[in-house]
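Participant: Got run-v4.csv for you, CSV, C-alpha atoms:
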```
chain,number,residue,atom,x,y,z
A,241,MET,CA,102.1,81.5,105.8
A,242,LYS,CA,101.5,84.2,103.3
A,243,VAL,CA,98.3,86.2,103.5
A,244,VAL,CA,96.4,87.2,100.3
A,245,LEU,CA,94.2,90.3,100.8
A,246,PHE,CA,91.6,91.2,98.2
A,247,CYS,CA,91.7,95.0,98.1
A,248,GLY,CA,90.4,95.8,94.6
A,249,GLY,CA,86.6,96.1,95.1
A,250,LEU,CA,84.7,99.3,94.4
A,251,GLY,CA,82.9,99.4,97.8
A,252,THR,CA,79.8,100.9,96.2
A,253,ARG,CA,77.7,100.7,99.4
A,254,LEU,CA,80.3,102.8,101.2
A,255,ARG,CA,80.2,105.6,98.6
A,256,GLU,CA,78.1,107.7,100.9
A,257,HIS,CA,81.1,107.8,103.2
A,258,SER,CA,83.6,108.4,100.4
A,259,ASP,CA,83.7,107.8,96.7
A,260,THR,CA,87.5,108.6,96.5
A,261,ILE,CA,89.0,105.8,98.6
A,262,PRO,CA,88.9,102.0,98.3
A,263,LYS,CA,87.1,100.1,101.0
A,264,PRO,CA,90.3,98.7,102.7
A,265,LEU,CA,91.3,102.3,103.4
A,266,ALA,CA,88.0,103.2,105.2
A,267,THR,CA,89.1,104.1,108.7
A,268,ILE,CA,88.3,102.7,112.1
A,269,GLY,CA,89.4,105.5,114.4
A,270,TYR,CA,92.5,106.9,112.6
A,271,ARG,CA,93.7,103.6,111.1
A,272,PRO,CA,92.3,101.9,107.9
A,273,ILE,CA,90.5,98.6,108.3
A,274,ILE,CA,93.2,96.9,106.3
A,275,TRP,CA,95.8,97.9,109.0
A,276,HIS,CA,93.6,96.3,111.7
A,277,LEU,CA,93.3,93.1,109.7
A,278,MET,CA,97.0,92.9,109.0
A,279,ARG,CA,97.8,93.6,112.6
A,280,TYR,CA,95.5,90.7,113.5
A,281,TYR,CA,97.3,88.3,111.2
A,282,ALA,CA,100.7,89.6,112.4
A,283,HIS,CA,99.6,88.7,116.0
A,284,PHE,CA,99.5,85.0,114.9
A,285,GLY,CA,102.9,85.3,113.2
A,286,HIS,CA,101.8,85.8,109.6
A,287,THR,CA,103.5,89.0,108.5
A,288,GLU,CA,104.0,88.4,104.7
A,289,PHE,CA,101.1,89.9,102.8
A,290,ILE,CA,100.1,90.0,99.1
A,291,LEU,CA,97.7,92.8,98.3
A,292,CYS,CA,95.4,92.3,95.3
A,293,LEU,CA,94.9,95.9,94.1
A,294,GLY,CA,92.2,97.2,91.8
A,295,TYR,CA,90.1,100.4,92.4
A,296,ARG,CA,92.3,103.2,93.6
A,297,GLY,CA,95.2,100.8,94.2
A,298,ASP,CA,97.5,103.9,94.0
A,299,LEU,CA,96.0,105.1,97.3
A,300,VAL,CA,96.8,101.8,99.0
A,301,ARG,CA,100.4,101.9,97.7
A,302,GLU,CA,100.7,105.5,98.9
A,303,TYR,CA,99.4,104.8,102.3
A,304,PHE,CA,102.0,102.1,103.0
A,305,LEU,CA,104.9,103.9,101.2
A,306,SER,CA,104.4,106.9,103.4
A,307,TYR,CA,103.5,105.0,106.6
A,308,ASN,CA,104.8,106.7,109.7
A,309,GLU,CA,104.7,104.5,112.8
A,310,ALA,CA,104.9,107.7,115.0
A,311,MET,CA,101.4,108.6,113.9
A,312,SER,CA,100.0,105.5,115.6
A,313,ASN,CA,102.4,104.6,118.4
A,314,ASP,CA,103.6,106.2,121.6
A,315,PHE,CA,107.0,107.9,121.1
A,316,THR,CA,109.4,110.4,122.7
A,317,LEU,CA,110.6,113.4,120.6
A,318,HIS,CA,114.0,114.8,121.4
A,319,GLY,CA,113.8,118.5,120.7
A,320,SER,CA,117.6,119.0,120.3
A,321,ASP,CA,118.0,116.8,117.2
A,322,ARG,CA,114.3,116.0,116.4
A,323,ARG,CA,115.1,112.3,117.1
A,324,VAL,CA,112.1,110.1,117.6
A,325,ASP,CA,112.2,107.1,119.9
A,326,LEU,CA,109.2,104.8,119.3
A,327,HIS,CA,107.9,102.9,122.4
A,328,THR,CA,106.0,100.4,120.4
A,329,ARG,CA,106.2,99.2,116.8
A,330,ASP,CA,103.6,97.7,114.5
A,331,PHE,CA,105.1,97.6,111.0
A,332,ASP,CA,108.8,96.9,110.9
A,333,ASP,CA,108.6,93.1,110.4
A,334,TRP,CA,105.9,93.2,107.7
A,335,LYS,CA,106.7,92.2,104.1
A,336,ILE,CA,104.1,93.5,101.7
A,337,THR,CA,103.8,92.7,97.9
A,338,PHE,CA,101.5,95.0,95.9
A,339,VAL,CA,99.9,93.5,92.8
A,340,ASP,CA,97.6,95.2,90.3
A,341,THR,CA,95.0,92.5,89.7
A,342,GLY,CA,92.6,94.6,87.5
A,343,LEU,CA,89.9,97.1,88.1
A,344,HIS,CA,86.9,94.8,87.4
A,345,SER,CA,88.4,91.4,88.2
A,346,ASN,CA,86.5,89.1,90.5
A,347,ILE,CA,88.0,87.4,93.6
A,348,GLY,CA,88.8,84.2,91.7
A,349,GLN,CA,90.7,86.0,89.0
A,350,ARG,CA,92.5,88.3,91.5
A,351,LEU,CA,93.7,85.1,93.3
A,352,MET,CA,94.9,83.6,90.0
A,353,ARG,CA,96.9,86.8,89.2
A,354,VAL,CA,98.9,86.6,92.4
A,355,ARG,CA,99.7,82.9,92.1
A,356,ARG,CA,103.3,83.4,91.2
A,357,TYR,CA,103.9,85.4,94.3
A,358,LEU,CA,102.9,82.4,96.5
A,359,GLY,CA,105.8,80.4,95.1
A,360,ASP,CA,105.8,76.8,96.2
A,361,ASP,CA,103.9,77.4,99.4
A,362,PRO,CA,101.6,74.5,100.0
A,363,ILE,CA,99.2,76.4,102.2
A,364,PHE,CA,98.3,80.1,102.4
A,365,LEU,CA,95.7,82.4,103.9
A,366,ALA,CA,93.3,84.8,102.2
A,367,ASN,CA,90.7,87.4,103.2
A,368,TYR,CA,88.2,89.7,101.7
A,369,ALA,CA,89.8,92.6,103.6
A,370,ASP,CA,86.5,94.2,104.6
A,371,GLY,CA,85.8,92.4,107.9
A,372,LEU,CA,87.3,91.8,111.3
A,373,SER,CA,87.0,89.0,113.9
A,374,ASP,CA,88.5,87.6,117.1
A,375,LEU,CA,88.7,84.2,115.5
A,376,PRO,CA,91.5,82.0,116.9
A,377,MET,CA,93.3,81.8,113.6
A,378,ASP,CA,95.9,79.3,114.9
A,379,ASP,CA,93.0,76.9,115.8
A,380,HIS,CA,91.4,77.3,112.4
A,381,ILE,CA,94.7,76.5,110.7
A,382,GLY,CA,95.3,73.6,113.0
A,383,LYS,CA,92.0,71.9,112.3
A,384,PHE,CA,92.6,72.4,108.5
A,385,LEU,CA,96.1,70.9,108.8
A,386,ALA,CA,94.6,67.9,110.5
A,387,THR,CA,92.5,67.2,107.4
A,388,PRO,CA,95.1,66.8,104.6
A,389,ASP,CA,92.4,65.7,102.1
A,390,LYS,CA,90.7,69.1,102.2
A,391,VAL,CA,91.7,71.9,99.8
A,392,ALA,CA,89.9,74.9,101.4
A,393,SER,CA,88.4,76.1,104.6
A,394,PHE,CA,86.6,79.3,105.6
A,395,ILE,CA,84.8,80.6,108.7
A,396,ALA,CA,81.0,80.3,108.8
A,397,VAL,CA,79.4,82.9,111.0
A,398,PRO,CA,75.8,83.5,112.2
A,399,SER,CA,73.8,85.9,110.1
A,400,ALA,CA,72.7,88.8,112.3
A,401,GLN,CA,69.2,88.9,111.0
A,402,SER,CA,67.1,87.4,108.2
A,403,PHE,CA,64.4,89.6,106.7
A,404,HIS,CA,61.0,88.1,105.7
A,405,CYS,CA,61.9,84.7,107.1
A,406,VAL,CA,59.1,82.3,106.5
A,407,ASN,CA,58.2,79.3,108.7
A,408,ALA,CA,55.7,77.0,107.0
A,409,ASP,CA,54.7,73.3,107.3
A,410,ASP,CA,54.7,70.8,104.4
A,411,GLN,CA,51.3,71.9,103.3
A,412,GLY,CA,52.4,75.5,103.0
A,413,LEU,CA,50.6,76.8,106.1
A,414,VAL,CA,52.6,79.8,107.4
A,415,SER,CA,53.3,79.9,111.1
A,416,SER,CA,55.4,83.0,111.1
A,417,LEU,CA,56.7,85.7,108.7
A,418,GLY,CA,59.0,88.7,109.4
A,419,ALA,CA,62.5,89.7,110.4
A,420,MET,CA,64.0,87.4,112.9
A,421,PRO,CA,67.4,86.4,114.1
A,422,ASP,CA,68.3,82.8,113.2
A,423,GLN,CA,71.4,81.4,114.8
A,424,ARG,CA,71.1,78.4,112.6
A,425,LEU,CA,71.6,80.5,109.5
A,426,LEU,CA,75.3,80.7,108.7
A,427,ILE,CA,77.1,82.8,106.1
A,428,ASN,CA,80.6,82.8,104.6
A,429,GLY,CA,82.7,85.1,106.8
A,430,GLY,CA,85.9,84.7,104.7
A,431,PHE,CA,89.1,84.2,106.6
A,432,PHE,CA,90.2,81.4,104.2
A,433,VAL,CA,92.8,78.7,104.6
A,434,LEU,CA,93.7,77.3,101.2
A,435,ARG,CA,96.0,74.7,99.8
A,436,ASN,CA,97.9,75.4,96.6
A,437,ALA,CA,95.7,72.8,94.9
A,438,ILE,CA,92.9,75.4,94.9
A,439,PHE,CA,94.3,76.7,91.6
A,440,ASP,CA,93.4,73.4,90.0
A,441,TYR,CA,89.7,74.1,90.6
A,442,ILE,CA,89.5,77.7,89.2
A,443,ASN,CA,88.9,78.2,85.5
A,444,GLU,CA,89.4,81.5,83.7
A,445,GLY,CA,86.7,84.1,84.6
A,446,GLU,CA,85.3,82.2,87.6
A,447,GLU,CA,84.5,83.6,91.0
A,448,LEU,CA,86.1,81.8,93.9
A,449,VAL,CA,83.2,80.6,96.0
A,450,GLU,CA,80.8,79.6,93.3
A,451,LYS,CA,81.9,77.0,90.8
A,452,PRO,CA,85.4,76.3,92.3
A,453,PHE,CA,84.0,75.7,95.7
A,454,GLY,CA,81.1,73.8,94.1
A,455,ARG,CA,83.6,71.4,92.7
A,456,LEU,CA,85.2,71.0,96.1
A,457,ILE,CA,81.9,70.3,97.6
A,458,GLY,CA,81.2,67.6,95.0
A,459,GLU,CA,84.5,65.9,96.0
A,460,ARG,CA,84.0,66.5,99.7
A,461,ARG,CA,87.1,68.6,99.9
A,462,LEU,CA,85.7,71.8,101.3
A,463,MET,CA,85.3,72.4,105.1
A,464,THR,CA,84.2,75.3,107.3
A,465,TYR,CA,85.1,76.5,110.8
A,466,ARG,CA,82.0,77.7,112.6
A,467,TRP,CA,82.7,80.8,114.7
A,468,LYS,CA,80.2,82.4,117.0
A,469,GLY,CA,82.5,84.9,118.6
A,470,PHE,CA,83.0,88.4,117.2
A,471,TRP,CA,82.8,88.9,113.4
A,472,GLN,CA,81.7,92.1,111.6
A,473,CYS,CA,82.2,93.3,108.0
A,474,MET,CA,82.4,96.9,106.9
A,475,ASP,CA,79.8,96.8,104.1
A,476,THR,CA,77.8,100.0,104.6
A,477,LEU,CA,78.2,103.4,106.3
A,478,LYS,CA,76.2,102.0,109.3
A,479,ASP,CA,78.9,99.3,109.7
A,480,LYS,CA,81.6,101.9,109.6
A,481,ILE,CA,79.8,104.0,112.3
A,482,ASN,CA,79.5,100.9,114.5
A,483,PHE,CA,83.2,100.2,114.1
A,484,ASP,CA,84.0,103.8,115.0
A,485,ARG,CA,81.8,103.6,118.1
A,486,MET,CA,83.5,100.5,119.3
A,487,GLU,CA,86.9,102.1,118.7
A,488,ALA,CA,85.8,105.2,120.7
A,489,ARG,CA,84.6,103.1,123.6
A,490,GLY,CA,87.7,100.9,123.5
A,491,THR,CA,85.7,97.8,123.0
A,492,CYS,CA,87.4,96.2,120.0
A,493,PRO,CA,87.2,92.4,120.2
A,494,TRP,CA,89.2,92.0,117.0
A,495,LYS,CA,92.3,93.5,118.7
A,496,VAL,CA,93.6,90.2,119.9
A,497,TRP,CA,97.1,91.6,120.0
A,498,LEU,CA,96.1,93.6,123.1
A,499,ASP,CA,95.4,90.5,125.2
A,500,GLN,CA,92.0,91.9,126.2
A,501,PRO,CA,88.9,89.8,127.2
A,502,ARG,CA,87.6,87.9,124.2
A,503,CYS,CA,84.2,86.8,123.1
A,504,ALA,CA,83.2,83.4,124.3
A,505,VAL,CA,84.6,80.6,122.1
A,506,ASP,CA,81.9,78.5,120.5
A,507,SER,CA,83.3,76.8,117.4
A,508,GLU,CA,83.1,73.5,115.6
A,509,THR,CA,84.1,72.3,112.2
```
Represent the structure of the file as structure tokens.
Facilitator:
Amino acid sequence: MKVVLFCGGLGTRLREHSDTIPKPLATIGYRPIIWHLMRYYAHFGHTEFILCLGYRGDLVREYFLSYNEAMSNDFTLHGSDRRVDLHTRDFDDWKITFVDTGLHSNIGQRLMRVRRYLGDDPIFLANYADGLSDLPMDDHIGKFLATPDKVASFIAVPSAQSFHCVNADDQGLVSSLGAMPDQRLLINGGFFVLRNAIFDYINEGEELVEKPFGRLIGERRLMTYRWKGFWQCMDTLKDKINFDRMEARGTCPWKVWLDQPRCAVDSET
């Protein structure tokens, strides 16, 4: 399945880290988050990517055009002829289509502008390209395929914390107020599985998850995959620092390709 990655946002809340690069190129260790995400999809056999470019799309193009696998893989250098023998590879079977989808386009319009590159594919994947997870993507896809009447699915993840949460009875009497974790509160974590019919629900100028998804809800054609394993987005500088610390410790649950211990599976649709 092709994977559509939305790479065109301004990433304004990461500007304190850098105001010169797009969010997908913000690094975790010495690789950008978009590389980690693409490596995740490649692990499940999805190696054909469509990048929806916008803000500083030139830098995204440049990164991949000048990509050197020797900078991120073990290799042996032969001094006599400067020949490089790579011991592992992470890029050679990828196919990447780069599409300028506009500087200020929303997600729905970026998706519409890459429609022709999806061809006649009945099902494709999509992602905001700013978050990572150890989600079992094959299971997510499998559950979606088992419900042919559904048009779209996305993962729903617990919100880490809700500020100023209020608990009150029917008469308005408050029993608690403040910041509290709430495992019942779920948010859209992205990692979409979509049928081509999604384009029938998007009108010009519309955001993807508002009116189009609202229409799907009305027709009972939208589903979610609840995931309580690892999920984290890179939205702020604090998020980037957390990712860098996990990388430095070697505790990176999203690196499913390493066959490392995973977070406990706790999912339902």
Participant: Mind pulling up the distance from CA of Ala310 in chain A to CA of Arg323 in chain A?
Facilitator: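 Taking CA of Arg323 in chain A as the start and CA of Ala310 in chain A as the end point, the length is 11.4 Å.
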Participant: For CA of Pro493 in chain A and CA of Asp374 in chain A, determine how far apart the two atoms are, in Å to one decimal place.
Facilitator: 5.9 Å
Participant: Considering only C-alpha atoms, state which residue in the set A:Ala396, A:Ile427, A:Met352, A:Leu265 is at the smallest distance from Asp298 in chain A.
Facilitator: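 Under the stated criterion, the closest residue is A:Leu265.
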Participant: With only C-alpha atoms counted, which protein, DNA or RNA residues have an atom no more than 8 Å from (83.9, 81.5, 109.9) in the file frame? Please answer as a ChimeraX atom specification.
Facilitator: /A:375,394-397,427-431,464-467
Participant: Just want the 8 Å neighbourhood of Thr337 in chain A, counted on only C-alpha atoms, with same-chain residues fewer than 2 positions away dropped. Output as a count of residues only.
Facilitator: 5
Participant: For Met278 in chain A, which residue among A:Asp321, A:Asp440, A:Asp333, A:Glu302 is the nearest when counting all atoms listed in the file?
Facilitator: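 Closest candidate: A:Asp333.
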Participant: Please list as a count of residues only every residue within 8 Å of Met241 in chain A, counting only C-alpha atoms and excluding residues in the same chain fewer than 4 positions away.
Facilitator: 6
Participant: Which is closer to Ile457 in chain A than all the others in A:Ile481, A:Val391, A:Arg435, A:Lys263, using all atoms listed in the file?
Facilitator: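 Among A:Ile481, A:Val391, A:Arg435, A:Lys263, it is A:Val391 that comes nearest to Ile457 in chain A.
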Participant: Rounded to one decimal in Å, what is the spacing between CA of Cys247 in chain A and CA of Leu293 in chain A?
Facilitator: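 Pair CA of Cys247 in chain A / CA of Leu293 in chain A returns 5.2 Å.
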Participant: Taking into account all atoms listed in the file, which residue in the set A:Val433, A:Leu462, A:Leu245, A:Leu326 is nearest to Gly371 in chain A?
Facilitator: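 Going through A:Val433, A:Leu462, A:Leu245, A:Leu326 one by one, the smallest distance to Gly371 in chain A is for A:Leu245.
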